[in-house]
Amino acid sequence: MAEKVLMKGNEAFAEAVIRGGCRFYFGYPITPQSEIPEFMARELKKRGGAFLQAESELGAINMTYGCAAAGGNVFISSSSPGISLMQEGMSFLCSAEVPCTILNVSRCGPGVGGIQPGQADYYQMTRGGGNGDYKIPTFAPANIQEAVDILYEAPMLADSIRNPVAVLADGMLGQMMEPVALPEQKKQYSPDEIAEYKPWALTGYNAKADKKRAVVKSLRLQPEALEEHVEKLFKKYRQLEKELVRYEAVDLDGADIVFVAFGTMSRLCKEAMEILADQGIKAGLIRPISIWPYPAEAFDKIDFGTTKVVISTELSMGQMIDDVRLAVNGRLPVRLIHRTGGMIPTSLEVVEKAKTILEESK
Amino acid sequence: MTNKLFFAGAGGQGVLLMGQMTAYAAMAEDKPVTFLPSYGPEMRGGTSNCTVVVSDDKPVSCPLIYEADAVVVMNVPSLLKFESLVKPGGKLFINSSLIEQKTSRDDIEAIYVPTIELAEQLGNTRAANIVMFGAFMRSMNIMSMETCEHVLEKIFSGRKEKYLELNKKAFHIYEN
């Protein structure tokens, strides 16, 4: 394994995605992820790519659409309100089956909100803010190494499924530092190779052997044609629901309570579990890593003989709890522990609230 | 076993650097570690703090803390705000050059370090944070002093190499 380096989350994310093959970045600065455009501005030109600061997030996503349609390997990042502005474009990318890698280093809302970490973009990322029927596979890492590993594979995954792939981090993960092992640089494709590898792309200059014209579009005025197209997209999404599910399940056997938490909150839950264990209460954890597709199957592993309650633990007013309820499907009560607005509970606070909920559920 | 460490002071006092050097030293000894800075709309002269969690074996689960094994305070507002964070029996390192008062806690060990006076003896008051870092590392004994010296060599390299000798002396000057 590569030697470990101590890196700030945002810089590690940017380096990972470059090593994963991305060479084009279009962005607009926003806290708490501005180190990413700064890093890209410094690095991409040196590594045979291009950085461009767009006039707005709307500009950035549409530059992404154009560059990726031409076969470019594009990465785009922003934070919550910036992601909102990009979602129209994301719907277009999905419809046109144009791949790219998206990173949301989320802050708290609604509106411009604040710059502290939040998880209230769960709906935004899993339900989408763009119009129409579309899905974007989204992963929510809990530490910098996991984020690096996911972002390293994301560009190739996006290419292989011809769809954007997203990562939801939060301001804490972006700003903190942890030791991280960086993977090797992936192979870079020449324009000729891209023409072959992405036959659908607008690579121009008669590069294609069959000389067939490529068309990238999202406009389909004939209802029959559009229905057929959306059905085709969803055939792909149904397949991804089988292939992309990722989660971590910890200490579910014999648990009194099961926490469900992703990203930063899952780390607080892990410490809360240790404190609860010292007090004689067994707590388990389901940590979704893919938040779409949601790891509903993990909930079948809950020990229904011992577990009294499932607690969705979130830095929002409760968004993922909808998916938790669907996955639990009435088998147990589902409760919420939350803080919002950029406030993060201590693990002790989680412990106290969990104990109260357990008492009420007995 | 984890060590939960917290550093606080005014922006520009080298508080984040102390935390980062601690994290570098932990990594050099292959200890799992997290470094979490406070971030916000602050600028120079504002408040600054960071949390470092060092584990002996398993990965650090939670980079946020509700109590600390040790807290370093570099100015008065940080003492007032964060002395309560030290867990009973823990250590509080106080920059006594800028903080005249004593801690109000009697269930912790307070270590008073006259960082500026000691740095002055070396001819450069800007090494005050390294004086504190040395006092902190010697007392905590989580990573070896030798490892910390290697970290100093990394930090003070290239254009900053001319400050290395000064900072090594500053690192070792507090011996109580």
# chains A, B, ... in the order shown; residues from 1 in each chain; ligands from 1
>>> interface_residues(of="chain A", to="chain B", cutoff="6 Å", atoms="only C-alpha atoms", output="number ranges by chain")
A: 176-178, 267-268, 346
>>> select_by_dssp(residues="region 64-154 of chain B", states="strand (DSSP E)", output="list in words")
Ala68, Asp69, Ala70, Val71, Val72, Val73, Val86, Lys87, Pro88, Gly89, Gly90, Lys91, Leu92, Phe93, Ile94, Asn95, Glu109, Ala110, Ile111, Tyr112 and Val113 of chain B
>>> write_last_selection(atoms="N, CA and C atoms", output="PDB file, in the first residue's frame")
ATOM      1  N   ALA B  68     -11.844  16.487  27.061  1.00  0.00           N
ATOM      2  CA  ALA B  68     -10.495  16.334  26.539  1.00  0.00           C
ATOM      3  C   ALA B  68      -9.560  15.796  27.611  1.00  0.00           C
ATOM      4  N   ASP B  69      -8.602  14.976  27.168  1.00  0.00           N
ATOM      5  CA  ASP B  69      -7.547  14.533  28.080  1.00  0.00           C
ATOM      6  C   ASP B  69      -6.595  15.689  28.359  1.00  0.00           C
ATOM      7  N   ALA B  70      -6.430  16.548  27.370  1.00  0.00           N
ATOM      8  CA  ALA B  70      -5.572  17.719  27.551  1.00  0.00           C
ATOM      9  C   ALA B  70      -6.056  18.874  26.694  1.00  0.00           C
ATOM     10  N   VAL B  71      -5.971  20.078  27.256  1.00  0.00           N
ATOM     11  CA  VAL B  71      -6.354  21.288  26.532  1.00  0.00           C
ATOM     12  C   VAL B  71      -5.198  22.280  26.625  1.00  0.00           C
ATOM     13  N   VAL B  72      -4.870  22.916  25.494  1.00  0.00           N
ATOM     14  CA  VAL B  72      -3.871  23.981  25.474  1.00  0.00           C
ATOM     15  C   VAL B  72      -4.596  25.296  25.235  1.00  0.00           C
ATOM     16  N   VAL B  73      -4.394  26.278  26.116  1.00  0.00           N
ATOM     17  CA  VAL B  73      -5.008  27.594  25.877  1.00  0.00           C
ATOM     18  C   VAL B  73      -3.916  28.643  25.755  1.00  0.00           C
ATOM     19  N   VAL B  86     -11.663  20.119  29.943  1.00  0.00           N
ATOM     20  CA  VAL B  86     -10.702  19.141  30.466  1.00  0.00           C
ATOM     21  C   VAL B  86     -11.443  18.151  31.360  1.00  0.00           C
ATOM     22  N   LYS B  87     -11.207  16.863  31.126  1.00  0.00           N
ATOM     23  CA  LYS B  87     -11.897  15.881  31.975  1.00  0.00           C
ATOM     24  C   LYS B  87     -11.215  15.842  33.345  1.00  0.00           C
ATOM     25  N   PRO B  88     -11.932  15.463  34.394  1.00  0.00           N
ATOM     26  CA  PRO B  88     -11.303  15.407  35.718  1.00  0.00           C
ATOM     27  C   PRO B  88     -10.030  14.555  35.671  1.00  0.00           C
ATOM     28  N   GLY B  89      -8.973  15.079  36.246  1.00  0.00           N
ATOM     29  CA  GLY B  89      -7.699  14.370  36.193  1.00  0.00           C
ATOM     30  C   GLY B  89      -6.882  14.663  34.947  1.00  0.00           C
ATOM     31  N   GLY B  90      -7.460  15.424  34.015  1.00  0.00           N
ATOM     32  CA  GLY B  90      -6.762  15.761  32.772  1.00  0.00           C
ATOM     33  C   GLY B  90      -5.819  16.943  32.961  1.00  0.00           C
ATOM     34  N   LYS B  91      -5.203  17.351  31.850  1.00  0.00           N
ATOM     35  CA  LYS B  91      -4.196  18.405  31.922  1.00  0.00           C
ATOM     36  C   LYS B  91      -4.631  19.668  31.166  1.00  0.00           C
ATOM     37  N   LEU B  92      -4.295  20.813  31.765  1.00  0.00           N
ATOM     38  CA  LEU B  92      -4.578  22.096  31.108  1.00  0.00           C
ATOM     39  C   LEU B  92      -3.267  22.859  30.991  1.00  0.00           C
ATOM     40  N   PHE B  93      -2.856  23.142  29.760  1.00  0.00           N
ATOM     41  CA  PHE B  93      -1.620  23.872  29.490  1.00  0.00           C
ATOM     42  C   PHE B  93      -1.968  25.339  29.248  1.00  0.00           C
ATOM     43  N   ILE B  94      -1.407  26.196  30.103  1.00  0.00           N
ATOM     44  CA  ILE B  94      -1.792  27.609  30.056  1.00  0.00           C
ATOM     45  C   ILE B  94      -0.598  28.463  29.648  1.00  0.00           C
ATOM     46  N   ASN B  95      -0.799  29.282  28.636  1.00  0.00           N
ATOM     47  CA  ASN B  95       0.231  30.213  28.174  1.00  0.00           C
ATOM     48  C   ASN B  95       0.319  31.367  29.178  1.00  0.00           C
ATOM     49  N   GLU B 109      -4.790  18.913  36.426  1.00  0.00           N
ATOM     50  CA  GLU B 109      -3.412  19.365  36.575  1.00  0.00           C
ATOM     51  C   GLU B 109      -3.182  20.556  35.629  1.00  0.00           C
ATOM     52  N   ALA B 110      -2.798  21.693  36.188  1.00  0.00           N
ATOM     53  CA  ALA B 110      -2.534  22.868  35.345  1.00  0.00           C
ATOM     54  C   ALA B 110      -1.030  23.029  35.167  1.00  0.00           C
ATOM     55  N   ILE B 111      -0.621  23.269  33.931  1.00  0.00           N
ATOM     56  CA  ILE B 111       0.799  23.471  33.635  1.00  0.00           C
ATOM     57  C   ILE B 111       0.940  24.869  33.038  1.00  0.00           C
ATOM     58  N   TYR B 112       1.657  25.726  33.763  1.00  0.00           N
ATOM     59  CA  TYR B 112       1.792  27.121  33.331  1.00  0.00           C
ATOM     60  C   TYR B 112       3.105  27.276  32.570  1.00  0.00           C
ATOM     61  N   VAL B 113       3.017  27.673  31.300  1.00  0.00           N
ATOM     62  CA  VAL B 113       4.211  27.762  30.459  1.00  0.00           C
ATOM     63  C   VAL B 113       4.406  29.215  30.014  1.00  0.00           C
TER      64      VAL B 113
END
>>> residues_around(residues="Lys301 (chain A)", least_positions_apart="4", cutoff="9 Å", atoms="only C-alpha atoms", output="ChimeraX atom specification")
/A:249,252-253,297
>>> select_by_dssp(residues="region 44-90 of chain A", states="alpha helix (DSSP H)", output="list in words")
Glu57, Leu58, Gly59, Ala60, Ile61, Asn62, Met63, Thr64, Tyr65, Gly66, Cys67, Ala68, Ala69, Ser80, Pro81, Gly82, Ile83, Ser84, Leu85, Met86, Gln87, Glu88, Gly89 and Met90 of chain A
>>> write_last_selection(atoms="C-alpha atoms", output="PDB file, in the first residue's frame")
ATOM      1  CA  GLU A  57     -22.824  27.055 -10.729  1.00  0.00           C
ATOM      2  CA  LEU A  58     -25.325  27.068 -13.586  1.00  0.00           C
ATOM      3  CA  GLY A  59     -22.479  27.868 -15.961  1.00  0.00           C
ATOM      4  CA  ALA A  60     -20.307  25.156 -14.395  1.00  0.00           C
ATOM      5  CA  ILE A  61     -22.806  22.323 -14.833  1.00  0.00           C
ATOM      6  CA  ASN A  62     -23.528  23.299 -18.427  1.00  0.00           C
ATOM      7  CA  MET A  63     -19.802  23.461 -19.226  1.00  0.00           C
ATOM      8  CA  THR A  64     -19.651  19.984 -17.692  1.00  0.00           C
ATOM      9  CA  TYR A  65     -22.468  18.833 -19.965  1.00  0.00           C
ATOM     10  CA  GLY A  66     -20.651  20.151 -23.027  1.00  0.00           C
ATOM     11  CA  CYS A  67     -17.208  18.849 -22.134  1.00  0.00           C
ATOM     12  CA  ALA A  68     -18.438  15.420 -21.050  1.00  0.00           C
ATOM     13  CA  ALA A  69     -20.618  15.122 -24.170  1.00  0.00           C
ATOM     14  CA  SER A  80     -25.535  22.619  -0.864  1.00  0.00           C
ATOM     15  CA  PRO A  81     -26.979  25.854  -2.369  1.00  0.00           C
ATOM     16  CA  GLY A  82     -24.502  25.553  -5.252  1.00  0.00           C
ATOM     17  CA  ILE A  83     -25.642  21.987  -5.904  1.00  0.00           C
ATOM     18  CA  SER A  84     -29.240  23.254  -6.040  1.00  0.00           C
ATOM     19  CA  LEU A  85     -28.260  25.516  -8.918  1.00  0.00           C
ATOM     20  CA  MET A  86     -26.659  22.588 -10.762  1.00  0.00           C
ATOM     21  CA  GLN A  87     -29.592  20.226 -10.537  1.00  0.00           C
ATOM     22  CA  GLU A  88     -31.298  21.356 -13.728  1.00  0.00           C
ATOM     23  CA  GLY A  89     -28.125  20.364 -15.546  1.00  0.00           C
ATOM     24  CA  MET A  90     -27.907  17.046 -13.727  1.00  0.00           C
TER      25      MET A  90
END
>>> residues_around(residues="Ile257 (chain A)", least_positions_apart="2", cutoff="9 Å", atoms="only C-alpha atoms", output="MDAnalysis selection string")
chainID A and resid 252 255 259 281:285 306:311 354 358
>>> write_last_selection(atoms="N, CA and C atoms", output="tab-separated table (two decimals), in the first residue's frame")
chain	number	residue	atom	x	y	z
A	252	LEU	N	-25.15	-6.00	14.99
A	252	LEU	CA	-26.62	-6.09	14.96
A	252	LEU	C	-27.14	-7.24	15.82
A	255	ALA	N	-28.63	-6.82	19.54
A	255	ALA	CA	-28.69	-5.39	19.88
A	255	ALA	C	-30.04	-5.01	20.48
A	259	PHE	N	-28.87	1.98	15.57
A	259	PHE	CA	-28.74	3.31	14.97
A	259	PHE	C	-28.64	3.15	13.46
A	281	ILE	N	-25.96	-1.40	27.63
A	281	ILE	CA	-26.96	-1.36	26.56
A	281	ILE	C	-26.27	-1.70	25.25
A	282	LYS	N	-26.80	-2.70	24.55
A	282	LYS	CA	-26.18	-3.11	23.29
A	282	LYS	C	-26.79	-2.32	22.13
A	283	ALA	N	-25.95	-1.60	21.44
A	283	ALA	CA	-26.42	-0.83	20.28
A	283	ALA	C	-25.70	-1.31	19.03
A	284	GLY	N	-26.44	-1.43	17.95
A	284	GLY	CA	-25.87	-1.77	16.65
A	284	GLY	C	-25.96	-0.58	15.73
A	285	LEU	N	-25.36	-0.71	14.56
A	285	LEU	CA	-25.37	0.40	13.59
A	285	LEU	C	-25.52	-0.13	12.18
A	306	THR	N	-34.33	-9.27	19.65
A	306	THR	CA	-33.83	-8.44	20.77
A	306	THR	C	-34.04	-6.94	20.57
A	307	THR	N	-34.01	-6.49	19.31
A	307	THR	CA	-34.03	-5.05	19.05
A	307	THR	C	-35.42	-4.46	19.31
A	308	LYS	N	-35.42	-3.36	20.08
A	308	LYS	CA	-36.71	-2.75	20.44
A	308	LYS	C	-37.05	-1.56	19.53
A	309	VAL	N	-36.01	-0.90	18.99
A	309	VAL	CA	-36.28	0.33	18.24
A	309	VAL	C	-35.12	0.62	17.28
A	310	VAL	N	-35.48	1.21	16.14
A	310	VAL	CA	-34.48	1.63	15.16
A	310	VAL	C	-34.44	3.17	15.19
A	311	ILE	N	-33.23	3.72	15.33
A	311	ILE	CA	-33.12	5.18	15.48
A	311	ILE	C	-32.34	5.78	14.32
A	354	ALA	N	-30.79	8.34	23.13
A	354	ALA	CA	-31.05	6.94	22.78
A	354	ALA	C	-31.63	6.18	23.98
A	358	LEU	N	-35.15	4.31	24.14
A	358	LEU	CA	-35.23	2.88	24.46
A	358	LEU	C	-36.23	2.63	25.59
>>> residues_around(residues="Tyr174 (chain B)", least_positions_apart="6", cutoff="7 Å", atoms="only C-alpha atoms", output="list of chain:residue names")
B:Val131, B:Gly134, B:Ala135
>>> write_last_selection(atoms="C-alpha atoms", output="compact mmCIF listing (two decimals), in the first residue's frame")
# COMPACT_ATOMS: atom_id res chain seq x y z
CA VAL B 131 7.78 26.30 23.27
CA GLY B 134 7.43 21.10 23.42
CA ALA B 135 6.04 21.49 26.95
>>> residues_around(residues="region 16-23 of chain A", least_positions_apart="3", cutoff="10 Å", atoms="only C-alpha atoms", output="PyMOL selection string")
chain A and resi 10-13+40+43-45+47-51+72-76+100-101+145+147-156+181-189
>>> atom_distance(atom1="CA of Ala158 (chain A)", atom2="CA of Ile136 (chain A)")
9.7 Å
>>> atom_distance(atom1="CA of Cys108 (chain A)", atom2="CA of Ala120 (chain A)")
6.5 Å
>>> closest_residue(among="A:Arg162, A:Lys353, A:Lys232, A:Arg238", to="Ala201 (chain A)", atoms="only C-alpha atoms")
A:Arg162
>>> atom_distance(atom1="CA of Asp322 (chain A)", atom2="CA of Leu157 (chain A)")
27.3 Å
>>> residues_around(residues="Phe133 (chain B)", least_positions_apart="3", cutoff="12 Å", atoms="only C-alpha atoms", output="VMD selection string")
chain B and resid 7 13 to 22 25 71 to 74 93 to 95 113 115 127 to 130 136 to 141 145 148 to 149 151 to 152 167 to 174
>>> decode(residues="region 21-88 of chain B", atoms="C-alpha atoms", output="compact mmCIF listing (two decimals), in the first residue's frame")
# COMPACT_ATOMS: atom_id res chain seq x y z
CA MET B 21 2.24 18.84 14.23
CA THR B 22 0.61 16.58 16.80
CA ALA B 23 -1.26 14.81 13.99
CA TYR B 24 1.93 14.48 11.90
CA ALA B 25 3.75 12.99 14.91
CA ALA B 26 0.94 10.48 15.47
CA MET B 27 0.97 9.48 11.82
CA ALA B 28 4.75 9.07 11.92
CA GLU B 29 4.28 6.54 14.73
CA ASP B 30 1.53 4.80 12.77
CA LYS B 31 -1.16 5.83 15.22
CA PRO B 32 -4.66 6.47 13.81
CA VAL B 33 -5.39 10.20 14.15
CA THR B 34 -7.88 12.89 13.18
CA PHE B 35 -7.30 16.65 13.04
CA LEU B 36 -10.42 18.79 13.04
CA PRO B 37 -10.08 22.59 12.82
CA SER B 38 -12.90 24.93 13.70
CA TYR B 39 -13.86 26.77 10.58
CA GLY B 40 -15.97 29.80 10.11
CA PRO B 41 -15.83 33.40 8.99
CA GLU B 42 -12.88 34.10 11.32
CA MET B 43 -9.76 35.96 10.28
CA ARG B 44 -6.45 36.91 11.89
CA GLY B 45 -6.99 38.08 15.44
CA GLY B 46 -10.19 36.06 15.77
CA THR B 47 -10.46 32.85 17.74
CA SER B 48 -9.00 29.63 16.49
CA ASN B 49 -9.16 26.08 17.78
CA CYS B 50 -8.67 22.50 16.73
CA THR B 51 -9.30 19.00 18.03
CA VAL B 52 -6.85 16.14 17.61
CA VAL B 53 -7.82 12.58 18.51
CA VAL B 54 -4.98 10.04 18.64
CA SER B 55 -5.71 6.35 18.99
CA ASP B 56 -3.30 3.59 19.94
CA ASP B 57 -4.72 0.90 17.72
CA LYS B 58 -8.19 1.01 16.15
CA PRO B 59 -9.31 3.79 13.79
CA VAL B 60 -10.57 6.97 15.45
CA SER B 61 -14.35 6.67 15.46
CA CYS B 62 -15.29 10.20 16.41
CA PRO B 63 -13.22 13.30 15.54
CA LEU B 64 -15.46 15.46 17.75
CA ILE B 65 -15.03 15.49 21.51
CA TYR B 66 -17.19 16.29 24.55
CA GLU B 67 -14.26 16.16 26.98
CA ALA B 68 -10.50 16.33 26.54
CA ASP B 69 -7.55 14.53 28.08
CA ALA B 70 -5.57 17.72 27.55
CA VAL B 71 -6.35 21.29 26.53
CA VAL B 72 -3.87 23.98 25.47
CA VAL B 73 -5.01 27.59 25.88
CA MET B 74 -2.94 30.41 24.41
CA ASN B 75 -5.07 33.43 25.46
CA VAL B 76 -7.54 34.51 28.16
CA PRO B 77 -10.79 34.02 26.19
CA SER B 78 -9.72 30.44 25.40
CA LEU B 79 -9.04 29.72 29.09
CA LEU B 80 -12.47 30.99 30.09
CA LYS B 81 -14.25 29.15 27.30
CA PHE B 82 -12.42 25.82 27.28
CA GLU B 83 -11.07 25.01 30.76
CA SER B 84 -14.34 23.18 31.41
CA LEU B 85 -13.54 20.82 28.53
CA VAL B 86 -10.70 19.14 30.47
CA LYS B 87 -11.90 15.88 31.97
CA PRO B 88 -11.30 15.41 35.72
